[in-house]
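Take a look at the structure below.
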Amino acid sequence: MSAADGAIAPTESALLTLREVTKSFGGLTAVNGVSFAVGEGAVVGLIGPNGAGKTTVFNLITGNYQPNHGDIHFTGQRLNGLRTHRIIMLGIARTFQNIRLFQQLTVLENALAGCHYRMSGGILAGMLWLPTQRRVEKAAVERAVQELEFVGLGQQTLTVAKNLSYGDQRRLEIARALATQPRLLILDEPAGGMNEQETEALIGLIEQIRARGITILLIEHDMRLVMRACEKLVVLEHGGKIAEGSPEQVRSDPRVIEAYLGTEDEV
Amino acid sequence: MKPRLDWIGAGLFAALLAVAPLFLNAYQVDVLNSIGLYALLALGLNLILGEAGLFNMGHAAFYAMGAYTAAILNTRYQIPILWTLPLSGLVAGAFALAVARPVVHLRGDYLLIVTIGVGEIVRIALVNDVFGITGGANGIFGINRPRVFGYIIRRPEDFFYLIWGCVALTIFLFLRLKRSRFGRALNYLREDATAAEGSGINTDYYKLAVFGLGAAWAGMAGTLFAAKMTIISPESFSFWESVVLFMIVILGGAGSIPGVLLAAFLVVGLPELFREFAGARMLVFGLVMMVMMVVRPQGLWPARGHQGFSLAALARAVGP
Amino acid sequence: MSQFFPFPATLNLANLVEEFFQQLTNGLAVGGIYALIALGYTMVYGVLKLINFAHGDLFTYGAYLGLTLLTSLALTDRLGFALGVLVLALMVMGLVAVLGAILERAAYRPLRQSPRLSAVVSALGASIFLQNTLMLIYGARFQVYPENILPATTLNIFGLYLPLMRVLIVLASVLMMVALYLFIQKTKIGTAIRAAAIDQDAARLMGIDVNRVIMLVFLVGPALGGVAGLMVGLYYGQINFTMGWVYGMKAFTAAILGGIGNIPGAMVGGLLLGVIEALGAAYISIAWKDAIAFCVLILILIVRPTGLLGERVADKV
């Protein structure tokens with residue numbers, strides 16, 4: 001654990017705040033006393049070598065894991081102990097590192113999953129297919145199609161998800177996340193497996209999402225994307241935060257250079 | 001692909017079935033009644049196992065809860081047997097909720113084992129005459145015939161229309177449910193529960209709800225069974241009933257309503273055609289299960305297109 | 001078993017202690033049998049992550065093969081009780097092991113790359129098939145082990161009169177469990193089995209023939225399950241073609257209780273479950289005996305799904 005020099009104290013105004021968050025599995029500490037904040041409207045990158053604990057941080061934010069120590073706050077509300085769907089309902093949406101779509105369902109049905117919690121209708125409404133249910137379904141489909149068009153999948157709504165190209169699958173995950181109408185979007189390696197052209201389009205998409213007023217926190221190994229899309233970076237190594245600041249600051253930070261040169265050659 | 005052809009096929013099948021009792025003898029109609037009851041049960045199990053991908057091999061326990069509720073209310077309190085339908089459904093559903101609550105988050109094959117255990121505990125409880133109201137190993141007899149608008153349902157043909165009417169109503173309701181918000185949530189659950197939860201869906205709620213719903217259906221089927229037999233005993237609700245139901249869903253094509261119907265005809269009807277080989281019935285079942293998994297794991301009549309049932313997704317539900 | 005030890009008319013502390021120890025040792029004998037079967041479940045689960053539903057039926061085959069060999073070869077007449085039973089046990093182990101290997105080849109290997117549900121359904125199918133094959137061969141009735149072959153000796157141990165068979169079962173099962181443990185822990189093949197259980201792909205990369213390991217697991221597990229079937233035949237004298245299901249479920253409970261995939265866990269779980277069941281049947285209710293194991297199963301899965309000796313592992317998201 002380390003108190004890095006540009007450490008930003010968690011502030012009232014921040015959308016998301018992590019304070020001294022620690023998570024260990026058995027004897028292994030995956031995340032060690034990490035603190036950082038994400039301001040409203042920002043695009044923040046979480047970077048670091050493989051195994052630094054980045055995805056674990058994401059899983060802690062969305063409640064897939066519970067921290068052993070420390071607090072996570074979102075819009076002033078403490079997230080510790082909440083179940084994942086409750087956290088999503090508060091306004092955080094996410095994608096997964098190893099794409100987790102509903103593979104056998106259509107693109108549209110995948111996007112509709114994001115609309116789910118804002119819809120109404122249970123067993124009886126479904127069985128009887130009441131007029132109200134019909135209206136709710138129609139509105140949800142419209143929302144879902146809107147998001148699909150936004151990410152560029154408007155022409156493929158009835159394609160089965162597993163038949164999409166890799167890049168399209170990543171974009172479908174983003175559409176599903178956007179359909180929950182989040183305030184904070186968490187992207188776990190959105191450019192993973194994408195070619196240069198797709199990555200370029202993704203950078204444009206991130207800009208557009210930001211333009212809608214949605215805050216973004218992302219993990220990415222593609223440094224070109226990180227340097228261009230993010231205004232702030234948080235660097236993890238061995239579960240601890242080693243640096244934080246603007247891309248320029250981080251790039252020249254000796255500890256970051258050491259961390260990366262010691263393990264990888266991506267910078 | 002061609003929805004209109006589907007409906008014509010379904011209509012023809014329904015019409016054929018509707019006039020079938022005119023051409024069949026009482027025994028044959030009774031076989032159709034058994035098929036109808038199993039279809040009703042399997043349609044409920046299909047929601048749990050096929051749509052939501054939850055391994056339930058204790059469905060007979062919910063069936064038993066419904067049958068015994070109906071029998072006890074009818075023989076002790078003289079409540080007309082068909083009036084007990086909603087209550088049987090409620091009791092079975094509530095029982096399922098209570099049982100599933102602590103175990104529903106378990107990984108697929110653990111859930112399978114737990115539901116087997118629950119089924120056995122229920123059967124043992126019935127044999128041991130729990131609370132002194134289940135009649136022990138002998139069960140309960142003297143259940144009244146159902147009465148509809150003053151007409152007493154007694155002959156196999158009468159039961160035929162009662163049971164298959166319920167099947168038709170079930171199909172009507174479940175087809176709608178399948179494409180609604182609730183039905184989609186079950187599919188999300190089956191495909192990837194983590195992703196569903198990560199999309200804001202309360203997966204525990206849906207797991208419980210579908211268990212309750214499937215069990216309630218089994219409970220109501222239990223009422224029909226009690227009314228048809230007029231005698232019920234624990235041996236009608238053994239582990240093998242659960243296995244047969246599980247098989248109907250898997251064999252037909254999990255998540256597929258026509259598949260479930262087809263498999264009910266095959267699994268329940270075929271052994272009646274080959275009665276001289278009755279002893280080998282289960283042996284053939286076992287062999288079919290093994291061969292099917294190699295040759296045609298998606299079932300005989302798999303759900304089509306995007307509603308397709310994916311064994312791969314079920315496999316993820318089972319665990320790493 | 002409690003019906004053989006009627007509750008004393010006069011309450012007497014010595015009788016109570018006697019009754020308790022009788023039940024305890026009976027529980028240990030049954031527990032040893034559960035443990036032997038549980039080892040097969042836990043080894044297969046460890047390597048393939050599959051509940052081998054047909055394992056309980058291989059146990060039944062052990063009991064039936066034992067009966068057939070015992071009566072047709074008259075081994076105990078020719079070789080005497082001790083040597084006869086030993087030879088019989090070895091023959092049963094060998095035959096059931098071969099059955100296990102055939103089962104793996106026919107029902108599981110074709111599904112190695114399929115989703116796990118397919119293998120579970122196939123396992124269930126195999127179980128039904130094996131069970132009904134036995135029924136068609138031997139009939140649905142209970143089969144009885146001949147009484148005159150077995151000496152009805154009771155041993156006097158510290159003033160306790162114990163049936164010889166019970167003592168032998170406890171000793172034999174513990175002996176086999178220790179042997180298996182040493183085999184798994186100390187030999188090269190055992191190390192290969194452990195490696196394949198942790199990570200098949202990595203094991204393959206290290207030059208381990210995973211197919212051979214799986215085949216071996218399907219030889220050793222059924223061999224132990226088969227000999228457990230023979231023990232049940234010798235201990236209770238009565239066998240039935242469906243008994244593998246109940247014993248199988250209980251043995252699986254034992255495996256979960258100890259921590260599935262964990263070999264010492266299966267031993268501890270088996271013995272513990274046998275004792276819990278024997279004492280529960282004696283002091284709570286004999287009629288609910290079979291429900292006790294299922295309650296233990298459900299409770300352990302709710303409270304500690306990893307079992308007593310299992311390690312907690314986080315699910316990967």
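Residue numbers start at 1 in each chain; chains themselves are named A, B, ... in the order of the structure tokens; ligands are numbered from 1 in the order shown.
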So which residues touch His55 of chain C within 12 Å, counting only C-alpha atoms, skipping near sequence neighbours fewer than 4 positions away, as a ChimeraX atom specification?
/C:36-45,50-51,59-62,96-97,99-101,103-104,123-128,130-131,217-226,228-229,243-252
Pull out every residue of chain B that has at least one atom within 7 Å of chain A, counting only C-alpha atoms, and report them as a PyMOL selection string.
chain B and resi 173-174+176-177+180-182+188+191-192+195+197-202+306-308+310
Contact check, chain C to chain B, at most 8 Å, counting only C-alpha atoms, closest pairs as CSV:
residue,atom,partner,partner_atom,distance
C:Ile51,CA,B:Asp109,CA,7.6
C:Ala107,CA,B:Met290,CA,6.3
C:Pro110,CA,B:Val294,CA,6.7
C:Leu111,CA,B:Val294,CA,6.6
C:Pro115,CA,B:Ala315,CA,4.9
C:Arg116,CA,B:Ala315,CA,5.2
C:Leu117,CA,B:Ala315,CA,5.6
C:Ser118,CA,B:Met293,CA,5.5
C:Ala119,CA,B:Met293,CA,7.5
C:Val121,CA,B:Met289,CA,6.6
C:Ser122,CA,B:Met290,CA,4.4
C:Ala123,CA,B:Met290,CA,7.4
C:Leu124,CA,B:Gly286,CA,7.3
C:Gly125,CA,B:Gly286,CA,3.8
C:Ala126,CA,B:Gly286,CA,5.8
C:Ser127,CA,B:Gly286,CA,7.2
C:Ile128,CA,B:Gly286,CA,4.9
C:Phe129,CA,B:Gly286,CA,4.6
C:Leu130,CA,B:Leu283,CA,7.7
C:Gln131,CA,B:Leu283,CA,7.9
C:Asn132,CA,B:Leu283,CA,5.2
C:Thr133,CA,B:Leu283,CA,6.7
C:Leu136,CA,B:Gly279,CA,7.4
C:Ala287,CA,B:Asn128,CA,6.8
C:Trp288,CA,B:Ile124,CA,7.0
C:Asp290,CA,B:Ile124,CA,7.8
C:Ala291,CA,B:Ile121,CA,5.4
C:Phe294,CA,B:Gly117,CA,5.2
C:Cys295,CA,B:Gly117,CA,7.6
C:Leu297,CA,B:Val114,CA,7.3
C:Ile298,CA,B:Val114,CA,6.0
C:Leu301,CA,B:Val103,CA,7.5
C:Ile302,CA,B:Val103,CA,6.2
C:Val317,CA,B:Thr194,CA,7.4
In segment 106-219 of chain B, DSSP strand (DSSP E) residues written as JSON, numbers by chain
{"B": [140, 141, 147, 148, 151, 152]}
Set out as JSON lines a contact list for segment 3-116 of chain C and segment 179-203 of chain C with a cut-off of 8 Å, giving each residue of segment 3-116 of chain C that qualifies its closest atom pair and distance in Å to one decimal, counting only C-alpha atoms, ordered by chain and rising residue number.
{"residue": "C:Gly46", "atom": "CA", "partner": "C:Ala197", "partner_atom": "CA", "distance": 5.1}
{"residue": "C:Val47", "atom": "CA", "partner": "C:Ala197", "partner_atom": "CA", "distance": 4.1}
{"residue": "C:Leu48", "atom": "CA", "partner": "C:Ala197", "partner_atom": "CA", "distance": 7.4}
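Between atom CA of Tyr283 of chain C and atom CA of Asn138 of chain B the interatomic distance comes to 26.1 Å.
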